[in-house]
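So this one's entry02.txt, compact mmCIF, C-alpha atoms (C1' of nucleotides):
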```txt
# COMPACT_ATOMS: atom_id res chain seq x y z
CA MET D 11 115.45 37.54 77.68
CA CYS D 12 112.73 36.60 80.12
CA HIS D 13 111.69 33.92 77.63
CA GLN D 14 115.28 32.78 77.43
CA ILE D 15 115.50 32.34 81.19
CA GLU D 16 112.21 30.51 81.39
CA THR D 17 113.28 28.10 78.68
CA MET D 18 116.52 27.52 80.56
CA ASP D 19 114.67 26.67 83.75
CA ASN D 20 112.37 24.31 81.91
CA LYS D 21 115.38 22.58 80.51
CA LYS D 22 117.05 22.36 83.90
CA GLN D 23 113.91 20.86 85.28
CA ILE D 24 113.46 18.23 82.63
CA VAL D 25 117.15 17.38 82.75
CA GLU D 26 116.90 16.82 86.47
CA GLU D 27 113.79 14.72 86.04
CA LEU D 28 115.20 12.59 83.27
CA GLY D 29 118.43 12.25 85.18
CA VAL D 30 116.60 10.62 88.04
CA LEU D 31 114.86 8.23 85.67
CA PHE D 32 118.17 7.22 84.14
CA GLU D 33 119.50 6.28 87.54
CA ARG D 34 117.20 3.29 87.41
CA PHE D 35 119.39 1.98 84.65
CA LYS D 36 122.39 1.60 86.94
CA ARG D 37 123.93 4.97 86.36
CA THR D 38 125.16 7.64 88.73
CA PRO D 39 123.15 10.84 89.14
CA MET D 40 125.85 12.73 87.30
CA GLU D 41 125.82 10.34 84.37
CA GLY D 42 122.06 10.54 84.28
CA ARG D 43 122.20 14.32 84.06
CA VAL D 44 124.81 14.38 81.34
CA LEU D 45 122.83 12.00 79.18
CA ALA D 46 119.62 13.87 79.88
CA TYR D 47 121.21 17.15 78.86
CA LEU D 48 122.49 15.73 75.61
CA LEU D 49 119.01 14.40 74.91
CA VAL D 50 117.25 17.72 75.26
CA SER D 51 119.94 20.21 74.24
CA ASP D 52 119.57 22.14 71.06
CA PRO D 53 121.67 21.57 69.04
CA PRO D 54 122.17 18.01 70.16
CA TYR D 55 125.93 18.43 70.13
CA GLN D 56 127.52 20.41 72.95
CA THR D 57 130.98 21.27 74.15
CA PHE D 58 132.51 19.92 77.30
CA ASP D 59 132.28 23.33 78.86
CA ASN D 60 128.64 23.89 77.92
CA ILE D 61 127.75 20.66 79.63
CA ARG D 62 129.84 21.47 82.67
CA GLU D 63 128.35 24.91 82.97
CA PHE D 64 124.76 23.89 82.40
CA LEU D 65 124.98 21.21 85.06
CA GLY D 66 127.07 23.32 87.42
CA ALA D 67 129.38 20.35 87.86
CA SER D 68 133.11 19.92 88.04
CA LYS D 69 135.26 19.14 85.03
CA SER D 70 136.28 15.80 86.46
CA SER D 71 132.72 14.62 86.95
CA VAL D 72 131.74 15.59 83.44
CA SER D 73 134.85 14.01 82.04
CA THR D 74 134.24 10.76 83.89
CA ALA D 75 130.64 10.58 82.78
CA LEU D 76 131.45 11.34 79.15
CA ASN D 77 134.20 8.74 79.11
CA PHE D 78 131.86 6.18 80.52
CA PHE D 79 129.36 6.75 77.74
CA GLN D 80 132.02 6.88 75.08
CA ARG D 81 133.44 3.52 76.15
CA GLU D 82 129.90 2.18 76.20
CA GLY D 83 129.36 3.52 72.70
CA THR D 84 126.36 5.65 73.51
CA VAL D 85 128.08 9.02 73.25
CA ASP D 86 130.35 10.35 70.53
CA TYR D 87 131.85 13.63 69.57
CA LYS D 88 132.49 15.50 66.38
CA THR D 89 134.81 18.34 65.63
CA PHE D 90 134.72 21.34 63.33
CA SER D 91 137.83 22.52 61.50
CA GLY D 92 139.37 25.59 63.04
CA ASP D 93 137.82 24.82 66.41
CA ARG D 94 139.63 22.66 68.85
CA LYS D 95 136.69 21.87 71.02
CA ARG D 96 134.93 18.55 70.84
CA TYR D 97 131.19 18.54 70.38
CA PHE D 98 129.69 15.69 72.35
CA MET D 99 126.47 14.07 71.29
CA ILE D 100 124.43 10.96 71.71
CA ASN D 101 125.28 8.24 69.24
CA ILE D 102 121.85 7.00 68.34
CA TYR D 103 123.15 4.00 66.52
CA GLY D 104 125.22 2.91 69.50
CA TRP D 105 122.40 3.70 71.85
CA ASN D 106 119.95 1.53 69.98
CA LYS D 107 122.49 -1.26 69.83
CA LYS D 108 122.90 -1.04 73.58
CA LEU D 109 119.14 -1.14 74.05
CA ILE D 110 118.83 -4.26 71.95
CA GLU D 111 121.64 -5.90 73.89
CA THR D 112 119.99 -5.01 77.17
CA THR D 113 116.70 -6.38 75.93
CA LYS D 114 118.34 -9.61 74.91
CA GLY D 115 120.10 -9.70 78.25
CA LEU D 116 117.38 -11.57 80.05
CA THR D 117 119.94 -14.25 79.38
CA THR D 118 121.81 -13.32 82.54
CA PHE D 119 118.83 -14.37 84.50
CA ASN D 120 118.37 -17.62 82.66
CA THR D 121 121.98 -18.54 83.26
CA LEU D 122 121.50 -17.89 86.92
CA LEU D 123 118.41 -20.02 87.12
CA GLU D 124 120.08 -22.83 85.23
CA LYS D 125 122.88 -22.80 87.77
CA VAL D 126 120.42 -23.07 90.61
CA ILE D 127 118.59 -25.96 89.02
CA ASP D 128 121.83 -27.76 88.26
CA PHE D 129 122.92 -27.35 91.83
CA ARG D 130 119.67 -28.66 93.21
CA PHE D 131 120.00 -31.80 91.14
CA ARG D 132 123.53 -32.55 92.21
CA GLY D 133 123.49 -34.98 95.11
CA LYS D 134 119.99 -36.32 95.13
CA GLU D 135 118.55 -37.75 91.95
CA ASN D 136 114.80 -37.48 92.56
CA SER D 137 113.44 -34.06 91.67
CA ASP D 138 111.60 -32.30 94.48
CA GLU D 139 108.53 -30.16 94.02
CA PHE D 140 110.43 -26.89 94.28
CA SER D 141 113.00 -27.80 91.66
CA THR D 142 110.24 -28.82 89.32
CA LYS D 143 108.61 -25.45 89.71
CA LEU D 144 111.91 -23.69 89.09
CA LYS D 145 112.22 -25.65 85.87
CA GLU D 146 108.87 -24.32 84.77
CA VAL D 147 109.95 -20.77 85.45
CA LEU D 148 113.10 -21.36 83.44
CA LYS D 149 111.10 -22.79 80.58
CA PHE D 150 108.92 -19.72 80.47
CA GLN D 151 111.88 -17.38 80.58
CA LYS D 152 113.56 -19.22 77.74
CA TYR D 153 110.42 -19.00 75.69
CA ILE D 154 110.19 -15.25 76.25
CA ASN D 155 113.81 -14.88 75.31
CA GLU D 156 113.25 -16.82 72.08
CA GLU D 157 110.25 -14.74 71.12
CA LEU D 158 112.14 -11.57 71.84
CA LEU D 159 114.98 -12.56 69.57
CA LYS D 160 112.53 -13.45 66.83
CA ALA D 161 110.72 -10.15 67.22
CA ILE D 162 113.95 -8.18 66.98
CA GLU D 163 114.93 -10.18 63.94
CA ARG D 164 111.57 -9.56 62.29
CA TYR D 165 111.80 -5.82 62.75
CA ASN D 166 115.38 -5.46 61.77
CA PRO D 167 116.35 -8.24 59.36
CA ASP D 168 120.04 -7.90 58.49
CA MET N 16 131.04 -35.76 108.06
CA CYS N 17 133.75 -34.77 105.65
CA HIS N 18 131.17 -35.08 102.90
CA GLN N 19 128.83 -32.93 104.94
CA ILE N 20 131.39 -30.17 105.25
CA GLU N 21 132.26 -30.26 101.59
CA THR N 22 128.61 -29.99 100.64
CA MET N 23 128.30 -27.04 102.98
CA ASP N 24 131.23 -25.27 101.39
CA ASN N 25 129.85 -25.89 97.93
CA LYS N 26 126.62 -24.36 99.03
CA LYS N 27 128.35 -21.35 100.56
CA GLN N 28 130.22 -20.87 97.35
CA ILE N 29 127.21 -21.05 95.07
CA VAL N 30 125.23 -18.83 97.41
CA GLU N 31 127.96 -16.22 97.27
CA GLU N 32 128.15 -16.48 93.51
CA LEU N 33 124.41 -16.25 92.97
CA GLY N 34 124.23 -13.41 95.46
CA VAL N 35 126.56 -11.34 93.33
CA LEU N 36 124.50 -12.08 90.23
CA PHE N 37 121.34 -10.95 91.99
CA GLU N 38 122.92 -7.63 92.80
CA ARG N 39 122.56 -6.76 89.14
CA PHE N 40 118.86 -6.71 89.72
CA LYS N 41 119.03 -3.75 92.08
CA ARG N 42 119.39 -5.63 95.32
CA THR N 43 121.81 -5.32 98.17
CA PRO N 44 124.48 -7.98 98.66
CA MET N 45 122.65 -9.20 101.74
CA GLU N 46 119.35 -9.51 99.90
CA GLY N 47 121.11 -11.30 97.10
CA ARG N 48 122.55 -13.83 99.52
CA VAL N 49 119.27 -14.46 101.30
CA LEU N 50 117.46 -15.15 98.06
CA ALA N 51 120.31 -17.29 96.81
CA TYR N 52 120.25 -19.36 99.97
CA LEU N 53 116.53 -19.94 99.74
CA LEU N 54 117.01 -21.03 96.16
CA VAL N 55 119.57 -23.70 96.89
CA SER N 56 118.65 -24.79 100.40
CA ASP N 57 117.21 -28.19 101.00
CA PRO N 58 114.46 -28.21 102.03
CA PRO N 59 113.50 -24.98 100.32
CA TYR N 60 111.93 -23.64 103.49
CA GLN N 61 114.23 -22.47 106.27
CA THR N 62 113.94 -20.76 109.60
CA PHE N 63 115.06 -17.26 110.30
CA ASP N 64 117.87 -18.56 112.41
CA ASN N 65 119.08 -21.08 109.84
CA ILE N 66 119.38 -18.31 107.32
CA ARG N 67 121.09 -16.00 109.78
CA GLU N 68 123.54 -18.66 110.80
CA PHE N 69 124.31 -19.92 107.33
CA LEU N 70 125.06 -16.42 106.12
CA GLY N 71 126.83 -15.37 109.29
CA ALA N 72 124.81 -12.18 109.28
CA SER N 73 123.01 -10.17 111.94
CA LYS N 74 119.36 -10.65 112.77
CA SER N 75 118.49 -7.16 111.63
CA SER N 76 120.02 -7.62 108.20
CA VAL N 77 118.22 -10.89 107.65
CA SER N 78 114.98 -9.45 108.91
CA THR N 79 115.24 -6.45 106.62
CA ALA N 80 116.00 -8.58 103.60
CA LEU N 81 113.18 -11.02 104.30
CA ASN N 82 110.72 -8.19 104.81
CA PHE N 83 111.76 -6.65 101.53
CA PHE N 84 111.03 -9.86 99.67
CA GLN N 85 107.81 -10.46 101.51
CA ARG N 86 106.49 -7.02 100.64
CA GLU N 87 107.57 -7.65 97.07
CA GLY N 88 105.70 -10.93 97.12
CA THR N 89 108.66 -13.11 96.21
CA VAL N 90 109.15 -14.71 99.63
CA ASP N 91 106.60 -16.27 101.92
CA TYR N 92 106.61 -18.36 105.03
CA LYS N 93 104.71 -21.29 106.34
CA THR N 94 104.32 -22.61 109.84
CA PHE N 95 103.89 -26.03 111.36
CA SER N 96 101.56 -26.58 114.28
CA GLY N 97 103.37 -26.96 117.56
CA ASP N 98 106.36 -25.03 116.25
CA ARG N 99 106.43 -21.31 116.58
CA LYS N 100 109.14 -20.69 114.05
CA ARG N 101 108.34 -19.43 110.61
CA TYR N 102 109.74 -21.31 107.66
CA PHE N 103 110.68 -18.87 104.94
CA MET N 104 110.62 -19.89 101.33
CA ILE N 105 110.52 -18.50 97.85
CA ASN N 106 107.02 -17.94 96.56
CA ILE N 107 107.35 -19.18 93.03
CA TYR N 108 104.02 -17.83 91.95
CA GLY N 109 104.89 -14.34 93.20
CA TRP N 110 108.34 -14.59 91.77
CA ASN N 111 107.08 -15.42 88.32
CA LYS N 112 104.57 -12.62 88.52
CA LYS N 113 107.37 -10.23 89.39
CA LEU N 114 109.40 -11.47 86.46
CA ILE N 115 106.55 -10.89 84.05
CA GLU N 116 106.02 -7.41 85.44
CA THR N 117 109.69 -6.63 85.07
CA THR N 118 109.68 -7.92 81.54
CA LYS N 119 106.72 -5.77 80.68
CA GLY N 120 108.40 -2.84 82.40
CA LEU N 121 110.32 -1.66 79.40
CA THR N 122 107.53 0.85 79.61
CA THR N 123 109.55 3.02 81.97
CA PHE N 124 112.00 3.63 79.23
CA ASN N 125 109.37 4.38 76.64
CA THR N 126 107.79 6.94 78.91
CA LEU N 127 111.14 8.58 79.35
CA LEU N 128 111.78 8.72 75.65
CA GLU N 129 108.34 10.10 74.96
CA LYS N 130 109.03 12.91 77.41
CA VAL N 131 112.25 13.76 75.66
CA ILE N 132 110.62 13.83 72.25
CA ASP N 133 107.76 15.97 73.53
CA PHE N 134 110.21 18.40 74.99
CA ARG N 135 112.21 18.67 71.81
CA PHE N 136 109.10 19.55 69.89
CA ARG N 137 107.99 22.28 72.22
CA GLY N 138 109.20 25.63 71.00
CA LYS N 139 110.27 24.98 67.45
CA GLU N 140 107.86 23.28 65.09
CA ASN N 141 110.18 21.82 62.44
CA SER N 142 111.59 18.47 63.46
CA ASP N 143 115.36 18.25 63.49
CA GLU N 144 117.35 15.24 62.41
CA PHE N 145 118.07 14.12 65.96
CA SER N 146 114.46 14.23 67.08
CA THR N 147 113.47 12.21 64.07
CA LYS N 148 116.00 9.54 64.98
CA LEU N 149 114.73 9.48 68.55
CA LYS N 150 111.26 8.89 67.20
CA GLU N 151 112.51 5.86 65.35
CA VAL N 152 114.07 4.46 68.50
CA LEU N 153 110.80 4.97 70.31
CA LYS N 154 108.88 3.25 67.56
CA PHE N 155 111.15 0.24 67.80
CA GLN N 156 110.85 0.07 71.55
CA LYS N 157 107.09 0.22 71.36
CA TYR N 158 107.08 -2.56 68.83
CA ILE N 159 109.21 -4.75 71.08
CA ASN N 160 106.94 -4.02 73.99
CA GLU N 161 103.89 -5.03 71.97
CA GLU N 162 105.45 -8.26 70.83
CA LEU N 163 106.48 -9.07 74.34
CA LEU N 164 102.96 -8.62 75.64
CA LYS N 165 101.62 -10.82 72.87
CA ALA N 166 104.19 -13.50 73.58
CA ILE N 167 103.34 -13.55 77.29
CA GLU N 168 99.66 -13.74 76.42
CA ARG N 169 100.24 -16.61 74.03
CA TYR N 170 102.11 -18.66 76.59
CA ASN N 171 99.84 -17.97 79.47
CA PRO N 172 96.31 -17.25 78.20
CA ASP N 173 94.05 -16.39 81.13
C1' DA Q 26 100.96 -13.74 135.55
C1' DG Q 27 105.74 -14.38 134.22
C1' DT Q 28 109.20 -16.12 130.96
C1' DT Q 29 110.99 -17.38 126.83
C1' DT Q 30 111.39 -17.23 121.96
C1' DA Q 31 111.16 -15.31 117.27
C1' DG Q 32 111.46 -11.65 114.95
C1' DT Q 33 111.30 -6.25 114.51
C1' DT Q 34 112.77 -1.49 114.80
C1' DC Q 35 115.73 2.16 115.67
C1' DT Q 36 120.31 4.02 116.15
C1' DT Q 37 125.13 3.68 115.26
C1' DT Q 38 129.11 2.04 112.72
C1' DT Q 39 131.30 0.50 108.54
C1' DT Q 40 131.74 0.34 103.73
C1' DT Q 41 130.97 2.05 99.27
C1' DT Q 42 129.91 5.45 96.01
C1' DT Q 43 130.01 9.83 94.13
C1' DC Q 44 131.85 14.00 93.40
C1' DC Q 45 135.15 17.76 93.54
C1' DG Q 46 139.68 20.16 93.34
C1' DA Q 47 144.16 20.52 91.95
C1' DA Q 48 147.90 19.01 89.54
C1' DC Q 49 148.82 17.16 85.14
C1' DT Q 50 149.16 16.13 79.72
C1' DA Q 51 148.84 16.80 74.95
C1' DA Q 52 147.83 19.37 71.22
C1' DA Q 53 147.06 23.82 69.14
C1' DA Q 54 148.12 28.81 68.96
C1' DA Q 55 151.00 32.53 69.37
C1' DT J 9 159.66 27.85 72.00
C1' DT J 10 156.34 29.41 75.10
C1' DT J 11 151.62 29.78 76.22
C1' DT J 12 146.99 28.67 76.14
C1' DT J 13 143.23 25.63 75.83
C1' DA J 14 140.63 21.26 76.35
C1' DG J 15 140.24 17.65 78.67
C1' DT J 16 142.23 13.76 82.03
C1' DT J 17 143.74 11.60 86.25
C1' DC J 18 144.41 10.97 90.96
C1' DG J 19 143.58 11.64 95.95
C1' DG J 20 140.59 12.73 99.26
C1' DA J 21 136.15 14.79 101.31
C1' DA J 22 131.30 14.32 101.56
C1' DA J 23 127.27 11.80 101.01
C1' DA J 24 124.74 7.63 100.65
C1' DA J 25 123.98 2.80 101.33
C1' DA J 26 124.58 -1.46 103.84
C1' DA J 27 125.12 -4.05 107.83
C1' DA J 28 125.47 -4.49 112.77
C1' DG J 29 124.03 -4.03 117.60
C1' DA J 30 120.95 -3.50 121.14
C1' DA J 31 116.71 -2.47 123.00
C1' DC J 32 112.14 -3.70 122.12
C1' DT J 33 107.37 -6.27 121.03
C1' DA J 34 104.11 -9.81 120.63
C1' DA J 35 102.81 -14.25 120.78
C1' DA J 36 103.38 -18.76 122.83
C1' DC J 37 104.64 -21.54 126.52
C1' DT J 38 105.03 -22.41 131.65
```
Written form, structure tokens:
Amino acid sequence: MCHQIETMDNKKQIVEELGVLFERFKRTPMEGRVLAYLLVSDPPYQTFDNIREFLGASKSSVSTALNFFQREGTVDYKTFSGDRKRYFMINIYGWNKKLIETTKGLTTFNTLLEKVIDFRFRGKENSDEFSTKLKEVLKFQKYINEELLKAIERYNPD
Amino acid sequence: MCHQIETMDNKKQIVEELGVLFERFKRTPMEGRVLAYLLVSDPPYQTFDNIREFLGASKSSVSTALNFFQREGTVDYKTFSGDRKRYFMINIYGWNKKLIETTKGLTTFNTLLEKVIDFRFRGKENSDEFSTKLKEVLKFQKYINEELLKAIERYNPD
DNA sequence: AGTTTAGTTCTTTTTTTTCCGAACTAAAAA
DNA sequence: TTTTTAGTTCGGAAAAAAAAGAACTAAACT
């Protein structure tokens, strides 16, 4: 029982810690904690109420967070016959897909830079020093993007 | 004069647009706008007051944003003798450095995942299905990270 | 030395985000 | 059919983040 409590505290601690780390990825603290809990919980599928209780959060917050992840495709649930509860769990497949997308998503930045360069060339026709340098940055970013795509392809040829 | 105004409006529009895009990279709207302005302004170096006026913002906001970028190494200023104003401009070298760092910084995520996996293995010794899958995700991420480092090296061998 | 200018820093106000509670819905159980 | 359970939705309070304002500093100019 003492062991049980200690384990619980460990878990709370790591959930809190991971939660904070997840916030870096544009998520709310609550969402971070939910995901963290599903990552460390044993078994990896947990009921709505387990999650709520473990985190000491309100139903609405948990619901909102879970819906966010479900729409995003990173969390799923399964059911067991004769039990009306849903068992929420991380969808590894969806998660990995999301990661790959994010990795590829340097593209956002390239688009942005292209816009800037385009703009700088409208009006005057002779390229200034600064614009030239921006072009070099863009070239590098495009190269990295290319290599990344190739690397992903190489690992996971389908 | 009409042309002048139109150009100005175009610039305001693209600055606003770029500003929003920059927010995705964990910056405040104000910071986004300052950077955007320095990217499209001609010449690419501008005084504090130009920036303030163009953006219609307060001195403190502009100052805070500029200081943020300067500490980060992405914005610099130069001076001209006989003129006490500073001319702020994007430091392309620092900017590119920052980009490379960010690109390399998938590491944060790997660290996080490693922590999770470690935690799941403390306590029970037989690996469950979920933990095994997490390990695969980690392996993939590490591979990507490796390839990225190699690609950067290849492009920029120094 | 005294003034002006360029930018900073600290406090306050405004805006946005996050979270909770309470009322609600839909499906299952009784 | 009524009740219970599992989760959702909506409105508002609390907390956090962003921007503004105003008093301040340091260097440059007189």
What's the 12 Å shell around N:Phe83, counting only C-alpha atoms (C1' of nucleotides), without same-chain residues fewer than 2 positions away, as a list of chain:residue names?
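That gives N:Arg42, N:Thr43, N:Met45, N:Glu46, N:Gly47, N:Val49, N:Leu50, N:Ser76, N:Val77, N:Ser78, N:Thr79, N:Ala80, N:Leu81, N:Gln85, N:Arg86, N:Glu87, N:Gly88, N:Thr89, N:Val90, N:Asp91.
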12 Å contact set for D:Arg132, only C-alpha atoms (C1' of nucleotides), chain neighbours under 4 positions out, as a count of residues only:
12
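Using all atoms listed in the file, the contacts of stretch 28-33 of chain J at a cut-off of 8 Å, with sequence neighbours closer than 4 positions omitted, comprise Ser73, Ser75 and Ser76 of chain N; DT33, DT34 and DT38 of chain Q.
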Between atom CA of N:Glu116 and atom C1' of J:DA25, what is the distance in Å, rounded to a tenth?
26.1 Å
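Take atom CA of N:Asn125 and atom CA of D:Asn120: the distance between them is 24.5 Å.
The gap separating atom CA of N:Ile105 from atom CA of N:Glu162 is 29.3 Å, in Å to one decimal.
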Select residues of chain N: the criterion is any atom within 8 Å of an atom of chain D, counting all atoms listed in the file; output as a list in words.
Leu33, Leu36, Leu54, Val55, Pro59, Ile107, Asn111, Leu127, Val131, Phe134, Arg135, Phe145, Lys148, Leu149, Val152, Phe155, Ile159, Glu162, Leu163, Ala166, Ile167 and Tyr170 of chain N
